[in-house]
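The file structure_20.cif comes next; it holds mmCIF, C-alpha atoms.
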```cif
data_final
#
loop_
_atom_site.label_atom_id
_atom_site.label_comp_id
_atom_site.auth_asym_id
_atom_site.auth_seq_id
_atom_site.Cartn_x
_atom_site.Cartn_y
_atom_site.Cartn_z
CA MET O 681 164.10 114.49 43.60
CA LEU O 682 164.09 110.78 42.83
CA THR O 683 165.18 109.93 46.38
CA ALA O 684 162.54 112.15 47.96
CA ALA O 685 159.87 110.74 45.64
CA SER O 686 160.93 107.19 46.51
CA ILE O 687 160.63 107.83 50.24
CA ALA O 688 157.28 109.60 49.93
CA PHE O 689 155.91 106.93 47.62
CA GLY O 690 157.11 104.19 49.94
CA ILE O 691 155.17 105.75 52.80
CA LEU O 692 152.07 106.05 50.61
CA PHE O 693 152.33 102.39 49.60
CA LEU O 694 152.72 101.28 53.21
CA HIS O 695 149.53 103.12 54.02
CA TYR O 696 147.74 101.58 51.02
CA GLY O 697 149.04 98.15 51.95
CA TYR O 698 147.72 98.57 55.48
CA PHE O 699 144.36 99.70 54.04
CA LEU O 700 144.14 96.58 51.86
CA PHE O 701 145.17 94.39 54.79
CA THR O 702 142.29 95.91 56.77
CA VAL O 703 139.89 95.07 53.95
CA TYR O 704 141.20 91.50 53.73
CA LYS O 705 140.94 91.05 57.49
CA GLY O 706 137.37 92.38 57.40
CA LEU O 707 136.39 89.96 54.63
CA ASN O 708 137.52 87.09 56.84
CA ARG O 709 135.26 88.35 59.62
CA LEU O 710 132.07 88.53 57.55
CA THR O 711 129.26 86.30 58.77
CA ARG O 712 128.42 83.41 56.43
CA PHE O 713 124.79 82.43 56.03
CA PRO O 714 123.32 78.91 55.88
CA GLU O 715 121.76 77.65 52.68
CA LYS O 716 118.35 77.65 54.34
CA ALA O 717 117.48 80.13 57.04
CA GLU O 718 114.22 80.76 58.84
CA SER O 719 112.75 84.03 57.67
CA LYS O 720 112.56 86.70 60.37
CA LYS O 721 109.18 88.36 60.36
CA TYR O 722 109.95 92.04 60.63
CA PHE O 723 107.47 94.27 58.83
CA VAL O 724 109.52 95.81 56.02
CA SER O 725 109.05 98.84 53.79
CA VAL O 726 110.88 98.57 50.47
CA ILE O 727 111.46 102.04 49.04
CA VAL O 728 112.27 102.43 45.35
CA PRO O 729 112.92 106.00 44.19
CA PHE O 730 112.81 106.47 40.43
CA ARG O 731 113.31 109.13 37.81
CA ASN O 732 113.02 108.50 34.07
CA GLU O 733 113.23 104.71 34.20
CA GLU O 734 110.61 103.77 31.61
CA ASN O 735 112.92 101.16 30.07
CA GLU O 736 113.74 99.42 33.37
CA ILE O 737 110.84 100.00 35.76
CA LEU O 738 108.88 96.87 34.82
CA ASN O 739 111.91 94.63 35.35
CA SER O 740 112.21 96.11 38.83
CA LEU O 741 108.52 95.61 39.52
CA LYS O 742 108.53 91.98 38.37
CA SER O 743 111.55 91.04 40.48
CA ILE O 744 110.08 92.66 43.59
CA GLU O 745 106.68 91.04 43.03
CA ASN O 746 108.44 87.66 42.96
CA GLN O 747 110.04 87.98 46.40
CA ASN O 748 109.65 84.97 48.70
CA TYR O 749 109.14 87.20 51.73
CA ASP O 750 105.65 86.87 53.25
CA GLU O 751 103.45 89.39 51.43
CA ASN O 752 101.68 90.24 54.70
CA PHE O 753 104.96 91.45 56.20
CA PHE O 754 106.18 93.94 53.62
CA GLU O 755 105.05 96.89 51.56
CA VAL O 756 106.67 98.43 48.51
CA ILE O 757 106.69 102.18 47.95
CA TYR O 758 107.76 103.40 44.54
CA VAL O 759 108.33 107.14 44.74
CA ASP O 760 108.56 109.24 41.61
CA ASP O 761 111.24 111.93 41.52
CA SER O 762 109.67 114.28 38.94
CA SER O 763 110.04 111.91 35.99
CA THR O 764 109.72 113.50 32.57
CA ASP O 765 109.16 110.24 30.69
CA ASN O 766 106.44 107.56 30.94
CA SER O 767 107.84 105.77 33.99
CA LEU O 768 104.95 106.74 36.26
CA LYS O 769 102.26 105.77 33.78
CA ILE O 770 103.89 102.45 32.93
CA LEU O 771 104.37 101.54 36.58
CA ARG O 772 100.83 102.38 37.66
CA GLY O 773 99.39 100.43 34.78
CA ASN O 774 101.18 97.20 35.74
CA ILE O 775 100.91 96.85 39.52
CA ASN O 776 98.98 93.73 40.55
CA ARG O 777 99.75 93.49 44.26
CA LYS O 778 97.93 95.24 47.09
CA ASN O 779 101.14 95.78 49.03
CA ILE O 780 102.72 97.86 46.24
CA LYS O 781 101.91 101.54 45.89
CA VAL O 782 103.22 104.57 44.05
CA ILE O 783 103.61 108.07 45.44
CA GLU O 784 105.01 111.25 43.93
CA HIS O 785 107.47 113.84 45.15
CA ASN O 786 107.53 116.75 42.73
CA ASP O 787 109.83 119.33 44.26
CA ASN O 788 112.29 120.91 41.84
CA SER O 789 112.88 124.01 43.95
CA GLN O 790 116.30 122.82 45.11
CA SER O 791 119.53 122.18 43.23
CA ARG O 792 120.78 119.38 45.48
CA ALA O 793 119.77 116.28 47.45
CA HIS O 794 116.73 115.40 45.32
CA LYS O 795 117.05 111.68 46.01
CA LYS O 796 117.47 112.17 49.76
CA LYS O 797 114.31 114.26 49.88
CA VAL O 798 112.45 111.64 47.86
CA ILE O 799 113.51 108.84 50.20
CA GLU O 800 112.66 110.91 53.30
CA HIS O 801 109.19 111.53 51.84
CA ALA O 802 108.68 107.79 51.34
CA ILE O 803 109.95 106.94 54.84
CA GLU O 804 107.41 109.36 56.30
CA LYS O 805 104.67 107.42 54.48
CA SER O 806 106.05 103.98 55.38
CA GLN O 807 104.85 101.51 58.01
CA GLY O 808 107.88 99.24 58.24
CA GLU O 809 110.15 98.70 61.20
CA ILE O 810 112.89 97.95 58.66
CA ILE O 811 113.46 100.19 55.63
CA VAL O 812 115.04 98.62 52.56
CA THR O 813 116.12 100.82 49.67
CA THR O 814 116.96 99.84 46.13
CA ASP O 815 117.01 101.52 42.72
CA ALA O 816 114.46 101.26 39.94
CA ASP O 817 117.04 100.14 37.39
CA CYS O 818 117.84 97.05 39.48
CA THR O 819 116.58 93.48 39.56
CA HIS O 820 116.65 91.05 42.46
CA GLY O 821 116.68 87.33 43.07
CA ASN O 822 113.62 85.81 44.75
CA ASP O 823 115.42 85.50 48.10
CA TRP O 824 116.83 89.04 48.10
CA LEU O 825 114.50 90.57 50.68
CA THR O 826 114.54 87.53 52.98
CA SER O 827 118.34 87.41 52.91
CA MET O 828 118.72 91.11 53.73
CA VAL O 829 116.18 91.03 56.56
CA ASN O 830 117.72 87.87 58.06
CA CYS O 831 120.84 89.92 58.85
CA PHE O 832 118.95 91.90 61.45
CA ASP O 833 118.91 91.18 65.15
CA GLU O 834 118.21 93.50 68.08
CA GLU O 835 121.74 94.92 67.92
CA THR O 836 121.77 95.66 64.18
CA GLY O 837 120.79 99.04 62.80
CA PHE O 838 122.13 99.02 59.24
CA VAL O 839 122.84 96.34 56.63
CA SER O 840 124.71 96.88 53.37
CA GLY O 841 124.11 94.33 50.65
CA PRO O 842 126.03 93.14 47.57
CA VAL O 843 125.43 94.64 44.14
CA GLU O 844 126.63 93.26 40.81
CA PHE O 845 126.94 94.84 37.39
CA LEU O 846 125.51 92.59 34.72
CA PRO O 847 128.59 91.99 32.57
CA GLY O 848 126.98 92.71 29.18
CA GLU O 849 128.63 91.86 25.90
CA SER O 850 131.32 94.50 25.44
CA PHE O 851 134.81 94.40 26.91
CA PHE O 852 134.21 97.76 28.60
CA GLU O 853 131.08 96.45 30.34
CA LYS O 854 132.94 93.39 31.61
CA LEU O 855 135.74 95.63 32.83
CA GLN O 856 133.21 97.75 34.72
CA ALA O 857 131.68 94.65 36.29
CA LEU O 858 135.03 93.66 37.79
CA GLU O 859 135.96 97.18 38.87
CA PHE O 860 132.57 97.69 40.51
CA ALA O 861 132.89 94.34 42.29
CA GLY O 862 136.12 95.72 43.74
CA LEU O 863 134.24 98.68 45.23
CA ILE O 864 131.62 96.40 46.79
CA ILE O 865 134.32 94.07 48.15
CA THR O 866 136.20 97.02 49.66
CA GLY O 867 133.04 98.28 51.34
CA ALA O 868 132.26 94.78 52.66
CA GLY O 869 135.76 94.34 54.06
CA LEU O 870 135.76 97.71 55.79
CA ILE O 871 132.39 96.91 57.40
CA GLY O 872 133.72 93.54 58.51
CA ALA O 873 136.73 95.31 60.03
CA GLY O 874 134.45 97.65 61.99
CA ARG O 875 135.32 100.67 59.83
CA PRO O 876 132.24 101.19 57.62
CA ALA O 877 133.00 103.72 54.91
CA ILE O 878 131.38 102.87 51.56
CA CYS O 879 128.20 101.12 50.48
CA ASN O 880 125.73 101.30 47.61
CA ALA O 881 122.19 102.68 47.71
CA ALA O 882 120.99 99.95 45.35
CA ASN O 883 120.97 97.51 48.27
CA LEU O 884 120.60 98.88 51.79
CA ALA O 885 118.47 98.17 54.85
CA PHE O 886 118.19 100.04 58.13
CA ARG O 887 115.92 100.44 61.12
CA LYS O 888 113.53 103.34 60.75
CA SER O 889 114.15 104.21 64.40
CA ALA O 890 117.91 104.43 63.74
CA PHE O 891 117.25 106.70 60.76
CA TYR O 892 115.37 109.14 62.96
CA ASP O 893 117.81 108.74 65.86
CA VAL O 894 120.60 110.22 63.71
CA GLY O 895 118.40 112.89 62.16
CA GLY O 896 117.98 111.18 58.81
CA TYR O 897 119.92 112.95 56.10
CA SER O 898 120.31 116.19 58.06
CA GLY O 899 123.81 117.55 57.99
CA ASN O 900 124.45 116.54 54.37
CA LEU O 901 121.41 117.83 52.50
CA ASN O 902 123.80 120.34 50.93
CA LEU O 903 125.27 117.43 48.97
CA SER O 904 123.46 115.75 46.07
CA SER O 905 125.14 112.38 46.54
CA GLY O 906 125.68 110.24 49.64
CA ASP O 907 122.22 109.09 50.71
CA ASP O 908 123.84 105.72 51.37
CA GLU O 909 127.28 106.28 52.89
CA PHE O 910 126.53 109.29 55.08
CA LEU O 911 123.62 107.49 56.70
CA MET O 912 125.65 104.32 57.33
CA GLN O 913 128.51 106.31 58.83
CA LYS O 914 126.14 108.28 61.09
CA ILE O 915 124.43 105.14 62.41
CA HIS O 916 127.85 103.62 63.10
CA ALA O 917 129.22 106.71 64.83
CA ASP O 918 126.15 108.09 66.63
CA THR O 919 124.23 105.02 67.82
CA ASN O 920 124.99 101.75 69.59
CA TYR O 921 123.69 99.74 66.66
CA LYS O 922 125.95 97.46 64.62
CA VAL O 923 126.54 97.91 60.91
CA LYS O 924 126.69 94.64 58.94
CA PHE O 925 127.41 93.50 55.43
CA CYS O 926 125.15 90.76 54.04
CA ALA O 927 127.74 88.36 52.58
CA ASP O 928 125.08 86.19 50.98
CA LYS O 929 124.91 85.77 47.21
CA ARG O 930 121.13 85.43 47.47
CA ALA O 931 121.00 89.04 48.67
CA LYS O 932 122.63 90.31 45.51
CA VAL O 933 121.06 93.11 43.49
CA PHE O 934 121.79 93.37 39.77
CA THR O 935 122.09 96.50 37.65
CA LYS O 936 123.61 97.53 34.35
CA PRO O 937 126.99 99.21 33.92
CA ALA O 938 127.32 102.59 32.24
CA PRO O 939 126.68 102.26 28.51
CA ASP O 940 129.75 104.25 27.47
CA LEU O 941 132.78 106.12 28.76
CA THR O 942 130.84 109.37 29.18
CA GLY O 943 128.22 107.72 31.38
CA PHE O 944 130.94 105.99 33.38
CA TYR O 945 132.75 109.30 33.90
CA GLN O 946 129.61 111.06 35.11
CA GLN O 947 128.78 108.19 37.48
CA ARG O 948 132.23 108.01 39.08
CA LYS O 949 132.55 111.78 39.28
CA ARG O 950 129.27 111.82 41.21
CA TRP O 951 130.50 109.11 43.59
CA ALA O 952 133.82 110.90 44.11
CA SER O 953 132.19 114.25 44.87
CA LYS O 954 131.32 113.38 48.48
CA GLY O 955 134.56 111.87 49.81
CA LEU O 956 136.01 115.04 51.32
CA PHE O 957 132.79 115.65 53.26
CA TYR O 958 132.80 112.51 55.39
CA LYS O 959 132.42 113.34 59.07
CA ASN O 960 135.22 110.92 59.99
CA LYS O 961 138.31 112.99 59.21
CA LYS O 962 140.63 109.99 59.65
CA LEU O 963 138.76 108.37 56.78
CA VAL O 964 139.12 111.54 54.70
CA ILE O 965 142.89 111.60 55.32
CA SER O 966 143.13 107.91 54.41
CA LEU O 967 141.30 108.51 51.12
CA ILE O 968 143.60 111.44 50.30
CA LEU O 969 146.67 109.27 50.91
CA ILE O 970 145.25 106.52 48.67
CA PHE O 971 144.61 109.12 45.97
CA LEU O 972 148.21 110.37 46.27
CA PHE O 973 149.46 106.79 45.83
CA TYR O 974 147.51 106.52 42.57
CA PHE O 975 148.55 110.02 41.56
CA GLY O 976 152.17 108.98 41.96
CA LEU O 977 151.65 105.99 39.65
CA PHE O 978 149.96 108.35 37.20
CA LEU O 979 152.86 110.87 37.23
CA PHE O 980 155.91 108.61 37.31
CA PRO O 981 155.81 107.62 33.61
CA LEU O 982 155.70 111.34 32.73
CA PHE O 983 158.61 112.06 35.07
CA ALA O 984 160.53 109.17 33.53
CA MET O 985 160.09 110.53 30.02
CA LEU O 986 160.71 114.18 30.89
CA MET O 987 163.19 114.09 33.77
CA ASN O 988 164.83 110.84 34.86
CA GLY O 989 164.42 107.39 33.39
CA LYS O 990 164.83 105.82 36.82
CA PHE O 991 161.27 106.87 37.60
CA TRP O 992 160.27 103.87 35.48
CA LEU O 993 161.72 101.64 38.20
CA LEU O 994 159.68 103.41 40.86
CA PHE O 995 156.54 103.07 38.73
CA ALA O 996 157.22 99.38 38.05
CA ALA O 997 157.81 98.59 41.72
CA GLY O 998 154.63 100.38 42.80
CA PHE O 999 152.54 98.88 40.01
CA VAL O 1000 153.67 95.32 40.73
CA LEU O 1001 153.00 95.71 44.44
CA LYS O 1002 149.59 97.19 43.63
CA ILE O 1003 148.70 94.23 41.40
CA VAL O 1004 149.81 91.61 43.92
CA THR O 1005 148.10 93.12 46.97
CA GLU O 1006 144.89 94.00 45.14
CA PHE O 1007 144.67 90.54 43.59
CA ILE O 1008 144.87 88.91 47.02
CA VAL O 1009 141.95 91.04 48.24
CA MET O 1010 139.91 90.69 45.04
CA ASN O 1011 140.38 86.93 44.88
CA LYS O 1012 139.15 86.62 48.47
CA GLY O 1013 136.11 88.86 47.95
CA ILE O 1014 135.08 87.43 44.60
CA LYS O 1015 135.05 83.90 46.03
CA ILE O 1016 132.60 85.11 48.67
CA LEU O 1017 130.26 87.18 46.48
CA TYR O 1018 130.88 86.75 42.76
CA ASN O 1019 132.03 84.41 39.98
CA THR O 1020 135.78 83.92 39.80
CA LYS O 1021 135.60 83.96 35.98
CA MET O 1022 135.55 87.75 36.09
CA LEU O 1023 139.14 87.72 37.36
CA LYS O 1024 140.41 87.13 33.81
CA TYR O 1025 139.82 90.85 33.25
CA PHE O 1026 141.95 91.75 36.27
CA PRO O 1027 145.16 92.74 34.39
CA ALA O 1028 143.28 95.12 32.09
CA ALA O 1029 141.35 96.56 35.04
CA GLU O 1030 144.61 97.28 36.86
CA ILE O 1031 145.83 99.43 33.99
CA PHE O 1032 142.48 101.20 33.59
CA HIS O 1033 142.29 101.75 37.35
CA ILE O 1034 145.09 104.30 37.60
CA PRO O 1035 143.94 107.05 35.18
CA TYR O 1036 140.27 106.63 36.07
CA ILE O 1037 140.87 107.00 39.82
CA VAL O 1038 142.95 110.13 39.30
CA ILE O 1039 140.66 111.78 36.75
CA ALA O 1040 137.39 110.94 38.55
CA SER O 1041 138.77 112.10 41.91
CA LEU O 1042 140.01 115.42 40.56
CA SER O 1043 136.78 115.97 38.61
CA GLY O 1044 134.72 115.13 41.70
CA LEU O 1045 136.32 118.07 43.52
CA LYS O 1046 134.41 120.43 41.23
CA GLY O 1047 131.16 118.81 42.32
CA ASN O 1048 129.25 119.25 39.06
CA PHE O 1049 127.75 116.24 37.31
CA GLU O 1050 124.78 115.04 35.30
CA TRP O 1051 122.29 112.51 36.66
CA LYS O 1052 118.99 111.35 35.16
CA GLY O 1053 118.72 114.42 32.96
CA ARG O 1054 119.56 116.86 35.74
CA GLU O 1055 122.60 119.10 35.93
CA LEU O 1056 123.54 118.92 39.59
CA SER O 1057 126.07 120.60 41.81
CA ARG O 1058 127.74 118.52 44.50
#
```

Starting from the coordinates I provided, produce the structure as structure tokens.
Amino acid sequence: MLTAASIAFGILFLHYGYFLFTVYKGLNRLTRFPEKAESKKYFVSVIVPFRNEENEILNSLKSIENQNYDENFFEVIYVDDSSTDNSLKILRGNINRKNIKVIEHNDNSQSRAHKKKVIEHAIEKSQGEIIVTTDADCTHGNDWLTSMVNCFDEETGFVSGPVEFLPGESFFEKLQALEFAGLIITGAGLIGAGRPAICNAANLAFRKSAFYDVGGYSGNLNLSSGDDEFLMQKIHADTNYKVKFCADKRAKVFTKPAPDLTGFYQQRKRWASKGLFYKNKKLVISLILIFLFYFGLFLFPLFAMLMNGKFWLLFAAGFVLKIVTEFIVMNKGIKILYNTKMLKYFPAAEIFHIPYIVIASLSGLKGNFEWKGRELSR
């Protein structure tokens, strides 16, 4: 059994190594942006869906009101997703700009895809040539909108932007900040390599025409999650437009990590619930092989204790190779987008990584999770 496991695990690591090499190669291909760039004057619609964000909504509003983008060339549409707290009242009582409005979408007749329906409703009401989406629990630097829009040219249909977890005070929050940076870096590298797979809805931009060209969110309205990745993958696969990553720190969006382990588990279970439903089956197979690599690292200590102590050698070899290859990619990506100080949490994150990937992936298969006070199915 040990020999068979060694061969199988070796194949899985070769695949994972090739995956990380692809990410690293893509990071090297990302376009760098000058310190000062002339703002492109597309008319932009910023769409901010929200549900039960009374504690964060004013921070979002303030950061968007402070954008350096010409006020005559963008509108902001906050769209309420059936909030049960005071978010709507607080927001309406504090808007001071004519280009910011609030609409409502109160449809609780469905058990899935609430956020997709909310965004579609806002897009129908929008005037922008470019749609930018972000979340109501996020804040933005003053150059955020300008930096995202400057990525567009006539050949570009979709832009994914960087997102950063505010590190907070606790060790767990700092650990999340690094781990989340790894997800953003992976998504950026895959886009740079011409294989867009993952992105984050907190910081996206796309042409409205491209959205309608691919049928919007049709084809995945049976899934609660994935308003970001499914759309990016469809624009890449079904149009001639380019997908880009905005590798500009000024384009960064900031949000808070999960407050505790339960919130983290629900968040990652929700993210994992959509992976098997990607249209690109090669991508699905690749994700399954990566999961099996992690699953092997998860099982080998148990096998070593229960069956054969030599499984410790297999675990050690795989874990060391994982640390070395992932550090090379993380170091590269963090230098582009983040602060290298966060790398001091890398060893702890590597240990945490293995059980969380396995548990979240297996839990995501069930497709049930909690989000903003709703019990949702996939």

The PyMOL selection byres ((chain O and resi 937-946) around 12) resolved against shown file, as JSON, numbers by chain: {"O": [817, 818, 843, 844, 845, 846, 847, 848, 849, 850, 851, 852, 853, 854, 855, 856, 857, 858, 859, 860, 861, 934, 935, 936, 947, 948, 949, 950, 951, 952, 953, 1032, 1035, 1036, 1037, 1038, 1039, 1040, 1041, 1042, 1043, 1044, 1047, 1048, 1049, 1050, 1051, 1052, 1053, 1054, 1055, 1056]}

Can you check which parts of range 941-989 of chain O lie within 10 Å of range 698-712 of chain O? Per residue, the shortest pair of atoms and distance in Å to one decimal, counting all atoms listed in the file, sorted by chain and number, as a Markdown table.
```
| residue | atom | partner | partner_atom | distance |
| --- | --- | --- | --- | --- |
| O:Ser966 | CA | O:Phe699 | CA | 8.3 |
| O:Leu967 | CA | O:Phe699 | CA | 9.8 |
| O:Ile970 | CA | O:Phe699 | CA | 8.7 |
```

Separation of CA of Asp823 in chain O from CA of Lys929 in chain O in Å: 9.5 Å

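Among the candidate residues O:Val724, O:Ala868, O:Ala1028, O:Ala890, the one lying nearest to Asn779 in chain O is O:Val724, with distances computed using only C-alpha atoms.
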
From O:Ile1003, O:Ile1034, O:Leu741, O:Met828, residue lying nearest Ile811 in chain O [only C-alpha atoms]: O:Met828

Residue IDs satisfying the PyMOL selection byres ((chain O and resi 874-882) around 6), as a ChimeraX atom specification: /O:814-815,867,870-873,883-884,908-909

Between CA of Lys1012 in chain O and CA of Leu969 in chain O - distance in Å to one decimal: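 A separation of 24.0 Å between them.
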
Expected selection from the PyMOL selection byres ((chain O and resi 1002) around 10), given as number ranges by chain: O: 693, 696-697, 700, 973-974, 977, 996-1001, 1003-1007, 1030

Residue neighbourhood range 765-778 of chain O, 7 Å, only C-alpha atoms, exclusion window fewer than 4 positions, as a list in words: Asn732, Glu733, Glu734, Ile737, Leu738 and Asp760 of chain O

Selected residue of minimal separation from Asn1011 in chain O among O:Leu911, O:Val756, O:Ile865, O:Leu963, counting all atoms listed in the file: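 Using all atoms listed in the file, the shortest distance to Asn1011 in chain O belongs to O:Ile865.
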
Which of O:Gly821, O:Gly690, O:Gly896, O:Gly862 sits closest to Ile1008 in chain O [using all atoms listed in the file]: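 The shortest atom-to-atom distance to Ile1008 in chain O comes from O:Gly862.
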
Test item: residues at most 7 Å from Val728 in chain O, only C-alpha atoms, excluding those fewer than 3 positions along its chain, as a PyMOL selection string: chain O and resi 757-759+813-816

Output file for the residues above (C-alpha atoms, as a short mmCIF file (atom, residue, chain, number, x, y, z; two decimals), keeping the file's coordinate frame):
```
data_model
loop_
_atom_site.label_atom_id
_atom_site.label_comp_id
_atom_site.auth_asym_id
_atom_site.auth_seq_id
_atom_site.Cartn_x
_atom_site.Cartn_y
_atom_site.Cartn_z
CA ILE O 757 106.69 102.18 47.95
CA TYR O 758 107.76 103.40 44.54
CA VAL O 759 108.33 107.14 44.74
CA THR O 813 116.12 100.82 49.67
CA THR O 814 116.96 99.84 46.13
CA ASP O 815 117.01 101.52 42.72
CA ALA O 816 114.46 101.26 39.94
#
```

Missing atoms in range 740-763 of chain O: fill them in up to N, CA and C atoms and send the result as a PDB file, keeping the file's coordinate frame.
```
ATOM      1  N   SER O 740     112.156  95.913  37.377  1.00  0.00           N
ATOM      2  CA  SER O 740     112.210  96.110  38.830  1.00  0.00           C
ATOM      3  C   SER O 740     110.937  95.597  39.492  1.00  0.00           C
ATOM      4  N   LEU O 741     109.808  96.002  38.949  1.00  0.00           N
ATOM      5  CA  LEU O 741     108.520  95.610  39.520  1.00  0.00           C
ATOM      6  C   LEU O 741     108.361  94.090  39.545  1.00  0.00           C
ATOM      7  N   LYS O 742     108.687  93.439  38.452  1.00  0.00           N
ATOM      8  CA  LYS O 742     108.530  91.980  38.370  1.00  0.00           C
ATOM      9  C   LYS O 742     109.402  91.280  39.399  1.00  0.00           C
ATOM     10  N   SER O 743     110.652  91.724  39.545  1.00  0.00           N
ATOM     11  CA  SER O 743     111.550  91.040  40.480  1.00  0.00           C
ATOM     12  C   SER O 743     111.115  91.253  41.922  1.00  0.00           C
ATOM     13  N   ILE O 744     110.541  92.409  42.223  1.00  0.00           N
ATOM     14  CA  ILE O 744     110.080  92.660  43.590  1.00  0.00           C
ATOM     15  C   ILE O 744     108.768  91.918  43.866  1.00  0.00           C
ATOM     16  N   GLU O 745     107.916  91.814  42.860  1.00  0.00           N
ATOM     17  CA  GLU O 745     106.680  91.040  43.030  1.00  0.00           C
ATOM     18  C   GLU O 745     106.969  89.559  43.282  1.00  0.00           C
ATOM     19  N   ASN O 746     108.100  89.075  42.824  1.00  0.00           N
ATOM     20  CA  ASN O 746     108.440  87.660  42.960  1.00  0.00           C
ATOM     21  C   ASN O 746     109.220  87.319  44.223  1.00  0.00           C
ATOM     22  N   GLN O 747     109.306  88.256  45.159  1.00  0.00           N
ATOM     23  CA  GLN O 747     110.040  87.980  46.400  1.00  0.00           C
ATOM     24  C   GLN O 747     109.356  86.889  47.212  1.00  0.00           C
ATOM     25  N   ASN O 748     110.168  86.059  47.868  1.00  0.00           N
ATOM     26  CA  ASN O 748     109.650  84.970  48.700  1.00  0.00           C
ATOM     27  C   ASN O 748     109.246  85.428  50.099  1.00  0.00           C
ATOM     28  N   TYR O 749     109.506  86.672  50.418  1.00  0.00           N
ATOM     29  CA  TYR O 749     109.140  87.200  51.730  1.00  0.00           C
ATOM     30  C   TYR O 749     107.614  87.255  51.843  1.00  0.00           C
ATOM     31  N   ASP O 750     107.097  86.903  53.022  1.00  0.00           N
ATOM     32  CA  ASP O 750     105.650  86.870  53.250  1.00  0.00           C
ATOM     33  C   ASP O 750     105.010  88.204  52.872  1.00  0.00           C
ATOM     34  N   GLU O 751     104.074  88.171  51.944  1.00  0.00           N
ATOM     35  CA  GLU O 751     103.450  89.390  51.430  1.00  0.00           C
ATOM     36  C   GLU O 751     102.757  90.200  52.526  1.00  0.00           C
ATOM     37  N   ASN O 752     102.352  89.541  53.606  1.00  0.00           N
ATOM     38  CA  ASN O 752     101.680  90.240  54.700  1.00  0.00           C
ATOM     39  C   ASN O 752     102.663  91.009  55.586  1.00  0.00           C
ATOM     40  N   PHE O 753     103.956  90.820  55.340  1.00  0.00           N
ATOM     41  CA  PHE O 753     104.960  91.450  56.200  1.00  0.00           C
ATOM     42  C   PHE O 753     105.833  92.458  55.453  1.00  0.00           C
ATOM     43  N   PHE O 754     105.426  92.850  54.265  1.00  0.00           N
ATOM     44  CA  PHE O 754     106.180  93.940  53.620  1.00  0.00           C
ATOM     45  C   PHE O 754     105.296  94.738  52.669  1.00  0.00           C
ATOM     46  N   GLU O 755     105.676  95.993  52.528  1.00  0.00           N
ATOM     47  CA  GLU O 755     105.050  96.890  51.560  1.00  0.00           C
ATOM     48  C   GLU O 755     106.147  97.429  50.650  1.00  0.00           C
ATOM     49  N   VAL O 756     105.744  97.843  49.470  1.00  0.00           N
ATOM     50  CA  VAL O 756     106.670  98.430  48.510  1.00  0.00           C
ATOM     51  C   VAL O 756     106.176  99.818  48.158  1.00  0.00           C
ATOM     52  N   ILE O 757     107.042 100.805  48.287  1.00  0.00           N
ATOM     53  CA  ILE O 757     106.690 102.180  47.950  1.00  0.00           C
ATOM     54  C   ILE O 757     107.600 102.653  46.828  1.00  0.00           C
ATOM     55  N   TYR O 758     107.057 102.742  45.633  1.00  0.00           N
ATOM     56  CA  TYR O 758     107.760 103.400  44.540  1.00  0.00           C
ATOM     57  C   TYR O 758     107.481 104.898  44.649  1.00  0.00           C
ATOM     58  N   VAL O 759     108.538 105.696  44.606  1.00  0.00           N
ATOM     59  CA  VAL O 759     108.330 107.140  44.740  1.00  0.00           C
ATOM     60  C   VAL O 759     108.978 107.855  43.564  1.00  0.00           C
ATOM     61  N   ASP O 760     108.138 108.590  42.849  1.00  0.00           N
ATOM     62  CA  ASP O 760     108.560 109.240  41.610  1.00  0.00           C
ATOM     63  C   ASP O 760     109.250 110.567  41.906  1.00  0.00           C
ATOM     64  N   ASP O 761     110.438 110.709  41.351  1.00  0.00           N
ATOM     65  CA  ASP O 761     111.240 111.930  41.520  1.00  0.00           C
ATOM     66  C   ASP O 761     111.124 112.795  40.264  1.00  0.00           C
ATOM     67  N   SER O 762     109.926 113.322  40.039  1.00  0.00           N
ATOM     68  CA  SER O 762     109.670 114.280  38.940  1.00  0.00           C
ATOM     69  C   SER O 762     110.106 113.730  37.585  1.00  0.00           C
ATOM     70  N   SER O 763     109.694 112.508  37.286  1.00  0.00           N
ATOM     71  CA  SER O 763     110.040 111.910  35.990  1.00  0.00           C
ATOM     72  C   SER O 763     109.450 112.724  34.850  1.00  0.00           C
TER      73      SER O 763
END
```
